[in-house]
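Q: This is protein-v3.txt, which holds compact mmCIF, C-alpha atoms:
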```txt
# COMPACT_ATOMS: atom_id res chain seq x y z
CA MET A 1 58.44 152.27 76.09
CA LYS A 2 58.38 150.23 79.28
CA PHE A 3 58.32 146.46 79.29
CA GLY A 4 59.25 143.52 81.45
CA LEU A 5 61.09 140.29 80.75
CA LEU A 6 60.49 137.02 82.54
CA THR A 7 63.78 135.35 83.53
CA ASP A 8 64.71 132.29 85.53
CA PHE A 9 66.70 134.39 88.02
CA GLN A 10 65.94 133.47 91.62
CA ARG A 11 67.48 133.65 95.04
CA ALA A 12 69.39 130.54 96.01
CA LEU A 13 68.76 128.80 99.31
CA ASP A 14 70.49 130.64 102.19
CA GLU A 15 71.97 133.15 99.73
CA GLU A 16 73.20 136.31 101.45
CA THR A 17 71.73 139.66 100.43
CA GLN A 18 75.01 141.06 99.18
CA THR A 19 75.62 138.00 96.98
CA LEU A 20 72.05 138.24 95.67
CA GLN A 21 72.56 141.90 94.77
CA ASP A 22 75.81 141.13 92.96
CA ARG A 23 74.16 138.36 90.95
CA PHE A 24 71.11 140.50 90.17
CA LYS A 25 73.34 143.15 88.56
CA GLN A 26 74.73 140.44 86.29
CA ALA A 27 71.23 139.20 85.47
CA TYR A 28 70.06 142.69 84.59
CA ARG A 29 73.03 143.26 82.31
CA LEU A 30 72.41 139.94 80.52
CA ALA A 31 68.76 140.84 79.99
CA SER A 32 69.73 144.34 78.81
CA ASP A 33 72.23 142.93 76.31
CA TYR A 34 69.55 140.52 75.04
CA VAL A 35 67.19 143.41 74.35
CA VAL A 36 69.89 145.43 72.58
CA ASP A 37 70.74 142.47 70.35
CA SER A 38 67.06 141.79 69.57
CA VAL A 39 66.05 145.32 68.57
CA ALA A 40 67.35 146.54 65.21
CA MET A 41 66.92 150.26 65.75
CA PRO A 42 69.20 152.20 68.14
CA PHE A 43 67.70 153.40 71.44
CA ILE A 44 68.70 154.67 74.87
CA ILE A 45 68.40 152.33 77.87
CA ASP A 46 67.20 153.68 81.20
CA ASP A 47 69.20 151.70 83.76
CA SER A 48 67.37 153.18 86.76
CA VAL A 49 65.46 149.91 87.21
CA GLY A 50 68.65 147.88 87.24
CA ASN A 51 68.70 147.87 91.01
CA LEU A 52 67.27 145.22 93.29
CA LYS A 53 65.75 147.91 95.52
CA TRP A 54 62.92 148.50 93.07
CA SER A 55 59.88 146.22 93.07
CA CYS A 56 58.17 145.08 89.88
CA PHE A 57 54.41 145.52 89.55
CA LEU A 58 52.02 144.70 86.72
CA SER A 59 51.01 147.78 84.79
CA SER A 60 47.66 149.38 85.64
CA ASP A 61 47.29 150.41 82.00
CA PRO A 62 44.24 148.46 80.67
CA THR A 63 45.67 148.62 77.14
CA ALA A 64 49.01 147.07 78.15
CA TYR A 65 49.85 143.75 76.54
CA PHE A 66 50.57 140.84 78.87
CA ASN A 67 51.72 137.45 77.61
CA PRO A 68 51.14 134.76 80.26
CA ASP A 69 52.79 132.11 78.07
CA CYS A 70 56.09 133.89 77.44
CA LYS A 71 59.35 131.96 77.58
CA LYS A 72 61.81 132.52 80.38
CA LEU A 73 65.12 134.13 79.53
CA ALA A 74 67.83 131.85 80.96
CA VAL A 75 70.26 133.96 83.00
CA ASP A 76 70.45 132.43 86.48
CA ALA A 77 73.13 129.85 85.67
CA ARG A 78 75.31 132.58 84.15
CA CYS A 79 75.17 134.79 87.26
CA SER A 80 77.92 133.65 89.62
CA PRO A 81 78.85 135.19 93.00
CA LEU A 82 81.68 137.69 92.81
CA PRO A 83 84.90 136.63 94.56
CA VAL A 84 85.23 138.13 98.01
CA LYS A 85 87.87 140.82 97.99
CA GLN A 86 89.87 141.65 101.07
CA SER A 87 89.64 145.16 102.41
CA SER A 88 92.48 147.41 101.25
CA TYR A 89 91.81 149.86 104.08
CA THR A 90 94.21 149.72 106.99
CA PRO A 91 92.73 151.19 110.20
CA GLN A 92 94.72 154.09 111.56
CA THR A 93 96.17 153.97 115.03
CA VAL A 94 93.16 155.72 116.51
CA ASP A 95 92.56 155.63 120.23
CA GLN A 96 89.17 154.21 121.14
CA ALA A 97 88.58 157.31 123.26
CA ARG A 98 88.73 159.44 120.10
CA ILE A 99 86.02 157.31 118.49
CA VAL A 100 83.90 157.55 121.66
CA GLU A 101 84.31 161.33 121.68
CA LEU A 102 83.18 161.69 118.05
CA LEU A 103 80.32 159.23 118.47
CA SER A 104 79.03 161.05 121.55
CA SER A 105 78.38 164.12 119.36
CA ILE A 106 76.13 162.18 116.99
CA PRO A 107 72.39 161.99 117.87
CA ALA A 108 71.39 158.57 119.15
CA ASN A 109 68.01 158.54 117.37
CA TYR A 110 69.28 158.28 113.79
CA ASP A 111 67.32 155.97 111.49
CA TYR A 112 68.89 153.01 109.71
CA ASP A 113 70.15 154.89 106.63
CA GLU A 114 71.69 157.64 108.77
CA ARG A 115 73.34 155.11 111.09
CA LEU A 116 74.78 152.98 108.29
CA PRO A 117 77.91 155.06 107.41
CA ILE A 118 78.51 155.83 111.10
CA ASN A 119 78.40 152.13 111.99
CA ALA A 120 80.68 151.23 109.09
CA ALA A 121 83.19 153.91 110.11
CA VAL A 122 83.34 152.80 113.75
CA LEU A 123 83.66 149.13 112.80
CA ALA A 124 86.36 149.95 110.24
CA GLU A 125 88.44 151.52 113.02
CA LEU A 126 87.64 149.27 115.99
CA GLU A 127 86.44 146.10 114.22
CA HIS A 128 84.46 143.79 116.57
CA LEU A 129 85.27 146.01 119.56
CA GLY A 130 83.02 148.66 118.03
CA ILE A 131 79.85 146.53 118.25
CA PRO A 132 79.19 146.98 122.01
CA LEU A 133 80.09 150.66 121.69
CA LEU A 134 77.49 151.19 118.95
CA GLU A 135 74.89 149.10 120.77
CA ARG A 136 75.20 151.40 123.78
CA HIS A 137 74.96 154.53 121.63
CA TRP A 138 71.90 153.97 119.41
CA ILE A 139 68.27 154.22 120.50
CA THR A 140 66.31 151.46 118.81
CA LYS A 141 63.14 149.44 119.27
CA SER A 142 64.92 146.14 118.62
CA ARG A 143 68.30 145.46 120.17
CA THR A 144 68.41 142.08 118.40
CA LYS A 145 68.01 143.66 114.97
CA LEU A 146 70.66 146.25 115.80
CA ASN A 147 73.12 143.53 116.79
CA ASN A 148 72.42 141.58 113.59
CA ASP A 149 72.82 144.74 111.49
CA LEU A 150 76.17 145.54 113.10
CA LYS A 151 77.48 142.01 112.51
CA TRP A 152 76.41 142.24 108.86
CA ILE A 153 78.10 145.63 108.43
CA LEU A 154 81.30 144.33 110.05
CA LYS A 155 81.32 141.51 107.52
CA GLN A 156 80.96 144.05 104.69
CA VAL A 157 83.90 146.01 106.12
CA GLU A 158 86.05 142.89 106.36
CA GLN A 159 85.23 142.02 102.74
CA GLY A 160 86.26 145.45 101.53
CA ARG A 161 82.73 146.53 100.60
CA SER A 162 82.87 149.72 102.69
CA THR A 163 84.97 152.86 102.26
CA ASN A 164 83.97 154.55 105.54
CA ASN A 165 86.59 155.40 108.14
CA ILE A 166 87.30 157.93 110.88
CA GLY A 167 86.96 160.70 108.30
CA THR A 168 83.29 159.73 107.95
CA LEU A 169 82.80 160.31 111.68
CA ILE A 170 84.60 163.65 111.65
CA ASN A 171 82.53 164.92 108.71
CA ALA A 172 79.31 163.65 110.31
CA VAL A 173 80.05 165.63 113.46
CA LYS A 174 80.88 168.75 111.42
CA ASN A 175 77.61 168.50 109.49
CA ILE A 176 75.40 168.20 112.57
CA LYS A 177 73.23 171.26 113.01
CA ALA A 178 73.06 172.13 116.67
CA VAL A 179 69.59 172.63 118.12
CA LYS A 180 69.46 176.14 119.50
CA GLY A 181 67.08 178.63 121.05
CA LYS A 182 63.37 178.00 120.52
CA GLN A 183 64.11 174.80 118.59
CA ARG A 184 64.74 173.11 121.90
CA ASN A 185 61.08 173.60 122.81
CA SER A 186 60.03 171.24 120.02
CA LEU A 187 62.31 168.41 121.10
CA LYS A 188 60.54 165.32 122.36
CA PRO A 189 61.91 162.60 124.67
CA GLN A 190 62.82 159.31 123.02
CA VAL A 191 61.86 155.95 124.50
CA THR A 192 64.82 153.62 124.99
CA ASP A 193 65.46 150.27 126.62
CA TYR A 194 69.07 151.17 127.37
CA ILE A 195 69.93 150.36 130.99
CA LEU A 196 72.14 152.95 132.62
CA GLU A 197 74.98 151.85 134.83
CA PRO A 198 74.32 152.35 138.55
CA LEU A 199 75.41 155.71 139.92
CA LEU A 200 78.64 155.89 141.90
CA SER A 201 78.99 157.47 145.30
CA ALA A 202 81.31 160.47 145.61
CA ALA A 203 84.00 158.27 147.17
CA GLU A 204 83.64 155.59 144.46
CA ALA A 205 83.80 158.21 141.70
CA GLU A 206 86.93 159.76 143.21
CA THR A 207 88.60 156.35 143.45
CA LYS A 208 87.67 155.51 139.86
CA LEU A 209 89.03 158.81 138.58
CA LYS A 210 92.30 158.32 140.47
CA ASP A 211 92.66 154.84 139.01
CA ILE A 212 92.20 156.22 135.48
CA VAL A 213 94.84 158.90 136.04
CA GLN A 214 97.25 156.37 137.52
CA GLU A 215 96.78 154.10 134.49
CA PHE A 216 97.61 157.05 132.24
CA PHE A 217 100.92 157.66 133.99
CA THR A 218 101.63 153.93 133.79
CA ASP A 219 100.90 153.10 130.13
CA LYS A 220 100.97 156.66 128.64
CA LEU A 221 97.84 155.95 126.56
CA THR A 222 95.33 158.69 125.88
CA ARG A 223 92.26 158.74 128.12
CA PHE A 224 88.87 160.30 127.44
CA ILE A 225 87.05 160.80 130.74
CA ASN A 226 83.35 161.65 130.61
CA PHE A 227 82.04 162.67 134.04
CA SER A 228 78.87 164.59 134.87
CA ALA A 229 79.24 168.35 135.15
CA GLY A 230 79.73 169.46 138.74
CA ALA A 231 80.90 166.04 139.87
CA GLY A 232 84.17 167.48 141.14
CA LYS A 233 86.46 165.93 138.55
CA THR A 234 88.67 169.04 138.31
CA TYR A 235 89.19 169.18 142.07
CA THR A 236 89.82 165.43 142.31
CA LEU A 237 92.23 165.47 139.38
CA ILE A 238 94.28 168.41 140.65
CA LYS A 239 94.34 166.95 144.16
CA TYR A 240 95.68 163.68 142.82
CA LEU A 241 98.23 165.36 140.54
CA ASP A 242 99.48 167.36 143.52
CA GLU A 243 100.10 164.12 145.39
CA LEU A 244 102.27 162.64 142.63
CA ASN A 245 106.04 162.77 142.35
CA PRO A 246 107.15 166.33 143.28
CA ASN A 247 109.41 166.34 140.22
CA ALA A 248 106.60 165.55 137.78
CA LYS A 249 105.94 168.28 135.24
CA ILE A 250 102.33 168.42 134.07
CA LEU A 251 100.85 170.57 131.32
CA TYR A 252 97.16 171.28 131.96
CA LEU A 253 95.44 172.69 128.87
CA VAL A 254 92.10 174.53 128.85
CA LYS A 255 90.48 176.56 126.07
CA THR A 256 89.99 179.89 127.89
CA HIS A 257 91.88 182.00 130.44
CA GLN A 258 88.75 182.03 132.59
CA LEU A 259 88.99 178.25 132.94
CA ALA A 260 92.71 178.62 133.66
CA ASP A 261 91.89 181.03 136.49
CA GLU A 262 89.41 178.50 137.91
CA ILE A 263 92.06 175.80 137.73
CA THR A 264 94.50 178.05 139.57
CA GLU A 265 91.98 178.78 142.33
CA THR A 266 91.21 175.07 142.68
CA PHE A 267 94.92 174.32 143.00
CA LYS A 268 95.24 176.95 145.75
CA LYS A 269 92.37 175.35 147.69
CA VAL A 270 93.97 171.92 147.38
CA ARG A 271 97.33 173.31 148.50
CA GLU A 272 95.79 175.08 151.52
CA GLU A 273 94.20 171.83 152.67
CA ARG A 274 97.44 169.90 152.29
CA LEU A 275 99.46 172.54 154.18
CA LYS A 276 97.49 171.55 157.26
CA GLN A 277 99.26 168.17 157.12
CA ALA A 278 102.52 168.15 159.07
CA GLU A 279 104.19 165.60 156.78
CA PHE A 280 103.39 167.68 153.73
CA LYS A 281 105.04 170.84 155.09
CA GLU A 282 108.38 169.02 154.98
CA LEU A 283 107.94 168.46 151.24
CA ILE A 284 106.58 171.87 150.30
CA SER A 285 109.99 173.22 149.33
CA ARG A 286 110.23 170.48 146.73
CA LYS A 287 106.73 170.97 145.36
CA SER A 288 106.34 173.04 142.20
CA GLN A 289 103.67 175.70 141.93
CA ILE A 290 101.03 176.10 139.26
CA ILE A 291 101.91 178.64 136.59
CA HIS A 292 99.19 180.19 134.46
CA VAL A 293 100.81 180.79 131.06
CA MET A 294 99.30 183.80 129.34
CA GLY A 295 99.52 184.46 125.60
CA ARG A 296 100.01 182.25 122.58
CA SER A 297 103.75 181.90 123.12
```
As a first step, turn the structure in this file into structure tokens.
A:
Amino acid sequence: MKFGLLTDFQRALDEETQTLQDRFKQAYRLASDYVVDSVAMPFIIDDSVGNLKWSCFLSSDPTAYFNPDCKKLAVDARCSPLPVKQSSYTPQTVDQARIVELLSSIPANYDYDERLPINAAVLAELEHLGIPLLERHWITKSRTKLNNDLKWILKQVEQGRSTNNIGTLINAVKNIKAVKGKQRNSLKPQVTDYILEPLLSAAEAETKLKDIVQEFFTDKLTRFINFSAGAGKTYTLIKYLDELNPNAKILYLVKTHQLADEITETFKKVREERLKQAEFKELISRKSQIIHVMGRS
């Protein structure tokens, strides 16, 4: 049997959605208890409608009974906002570059429900610093709505209403199914109002990369550098490393021996160019060579 009860429950002026949802759960439970106490015979309650997400419509059954003069069940005054609890989650010491790296693997055209746990995870780790990062990542028709959504989610995180963290991001990346082969033919371009930063000249890009490397050797903090393929970042990086303190020991890690061979060849080209400089020849005896380490040991 399905039926509805008229109550005096209503949304207070300027009441936040989360508070309204908390109070609605209390109102539903009060109404449910009233029904249980009023019916003598035992029965099973279907609590699937005890959620504010569902709308209530009048039945289309012409034989249904409707009482326009029914009394309201008083519950509103007994539904008080739950006390705000502070988040028990302590963000890990996660470098922002790590978050950027994980986020870059997540499609930018997710809908609201798909974005929600991702947003909560980023904001749990970076707090308010994650808002501009997420705004740059997502493709959306309304930047204003996105900003408001992120501020609301951050508030939920601060109040301890979210359990998402960096683990959420890692699992999201693992669960992404890569688009391969013929599937790429069905991909369609997405419209976005995101404004790209102006392109850098080769000289400007080289200067920027050198500055990033210099900052790394100064503060020892991890850097995640995302340059376009073929922009010459490997050459620029090795050239700059070769110009550092001759006593500096640098471990350059790549995932294949083929890449290691390419690194070695690039180093040789850089070294050949520098040998043409008279002042460098005086230092060559003090300069270490690149050693390609083979094997797992």
Q: Can you tell me which residues surround Lys174 (chain A) at a distance of at most 12 Å, considering only C-alpha atoms, apart from same-chain residues fewer than 3 positions away, and format the answer as a list of chain:residue names?
A: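 Final neighbour list, sorted by chain and number: A:Leu102, A:Leu103, A:Ser105, A:Ile106, A:Gly167, A:Thr168, A:Leu169, A:Ile170, A:Asn171, A:Lys177, A:Ala178.
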Q: Taking all atoms listed in the file into account, name the residue in A:Ile290, A:Leu116, A:Ile250, A:Ile225 that is nearest to Glu262 (chain A).
A: A:Ile290
Q: So, counting only C-alpha atoms, which residue among A:Leu126, A:Ile195, A:Ala97, A:Ile238 is closest to Thr264 (chain A)?
A: A:Ile238
Q: Need to verify the contact set: region 18-32 of chain A, 12 Å, only C-alpha atoms, exclusion of same-chain residues closer than 4 positions in sequence. Can you return it as a short mmCIF file (atom, residue, chain, number, x, y, z; two decimals) with C-alpha atoms, keeping the file's coordinate frame?
A:
```cif
data_model
loop_
_atom_site.label_atom_id
_atom_site.label_comp_id
_atom_site.auth_asym_id
_atom_site.auth_seq_id
_atom_site.Cartn_x
_atom_site.Cartn_y
_atom_site.Cartn_z
CA PHE A 3 58.32 146.46 79.29
CA GLY A 4 59.25 143.52 81.45
CA LEU A 5 61.09 140.29 80.75
CA LEU A 6 60.49 137.02 82.54
CA THR A 7 63.78 135.35 83.53
CA ASP A 8 64.71 132.29 85.53
CA PHE A 9 66.70 134.39 88.02
CA GLN A 10 65.94 133.47 91.62
CA ARG A 11 67.48 133.65 95.04
CA ALA A 12 69.39 130.54 96.01
CA LEU A 13 68.76 128.80 99.31
CA ASP A 14 70.49 130.64 102.19
CA VAL A 36 69.89 145.43 72.58
CA ASP A 37 70.74 142.47 70.35
CA SER A 38 67.06 141.79 69.57
CA VAL A 39 66.05 145.32 68.57
CA PHE A 43 67.70 153.40 71.44
CA ILE A 44 68.70 154.67 74.87
CA ILE A 45 68.40 152.33 77.87
CA ASP A 46 67.20 153.68 81.20
CA ASP A 47 69.20 151.70 83.76
CA SER A 48 67.37 153.18 86.76
CA VAL A 49 65.46 149.91 87.21
CA GLY A 50 68.65 147.88 87.24
CA ASN A 51 68.70 147.87 91.01
CA LEU A 52 67.27 145.22 93.29
CA LYS A 53 65.75 147.91 95.52
CA TRP A 54 62.92 148.50 93.07
CA LYS A 72 61.81 132.52 80.38
CA LEU A 73 65.12 134.13 79.53
CA ALA A 74 67.83 131.85 80.96
CA VAL A 75 70.26 133.96 83.00
CA ASP A 76 70.45 132.43 86.48
CA ALA A 77 73.13 129.85 85.67
CA ARG A 78 75.31 132.58 84.15
CA CYS A 79 75.17 134.79 87.26
CA SER A 80 77.92 133.65 89.62
CA PRO A 81 78.85 135.19 93.00
CA LEU A 82 81.68 137.69 92.81
CA PRO A 83 84.90 136.63 94.56
CA VAL A 84 85.23 138.13 98.01
CA TRP A 152 76.41 142.24 108.86
CA ILE A 153 78.10 145.63 108.43
CA LYS A 155 81.32 141.51 107.52
CA GLN A 156 80.96 144.05 104.69
CA GLN A 159 85.23 142.02 102.74
CA ARG A 161 82.73 146.53 100.60
#
```
Q: Take CA of Ala172 (chain A) and CA of Pro107 (chain A) and report the distance between them in Å, one decimal.
A: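 Between CA of Ala172 (chain A) and CA of Pro107 (chain A) the gap is 10.4 Å.
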Q: Nearest residue to Asn226 (chain A) out of A:Lys208, A:Gln214, A:Lys182, A:Lys145, using only C-alpha atoms?
A: A:Lys208
Q: Nearest to Leu196 (chain A) among A:Val270, A:Asn67, A:Glu215, A:Arg136, with distances taken over only C-alpha atoms: which residue is it?
A: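 Among A:Val270, A:Asn67, A:Glu215, A:Arg136, it is A:Arg136 that comes nearest to Leu196 (chain A).
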Q: Under the rule that all atoms listed in the file are counted, which of A:Ser186, A:Asn109, A:Asn164, A:Gln289 is the nearest residue to Thr140 (chain A)?
A: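 When distances to Thr140 (chain A) are compared using all atoms listed in the file, the smallest one comes from A:Asn109.
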Q: Can you tell me how far CA of Trp138 (chain A) sits from CA of Tyr112 (chain A), in Å to one decimal?
A: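 Going from CA of Trp138 (chain A) over to CA of Tyr112 (chain A) covers 10.2 Å.
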Q: Which of these, A:Ala108, A:Leu244, A:Ala121, A:Val157, has the shortest distance to Thr192 (chain A) once you count all atoms listed in the file?
A: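 That would be A:Ala108, the residue with the smallest distance to Thr192 (chain A).
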Q: Work out how far apart CA of Val122 (chain A) and CA of Ser142 (chain A) are and give it in Å to one decimal.
A: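 About the pair CA of Val122 (chain A) and CA of Ser142 (chain A): they are 20.2 Å apart.
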Q: Quick one: residues within 12 Å of Ile131 (chain A), all atoms listed in the file, excluding same-chain residues fewer than 2 positions away - as a list in words?
A: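 In the requested form, the answer reads Ile118, Asn119, Ala120, Ala121, Val122, Leu123, Ala124, Glu125, Leu126, Glu127, His128, Leu129, Leu133, Leu134, Glu135, Arg136, His137, Trp138, Arg143, Leu146, Asn147, Asn148, Asp149, Leu150, Lys151, Trp152, Ile153, Leu154 and Lys155 of chain A.
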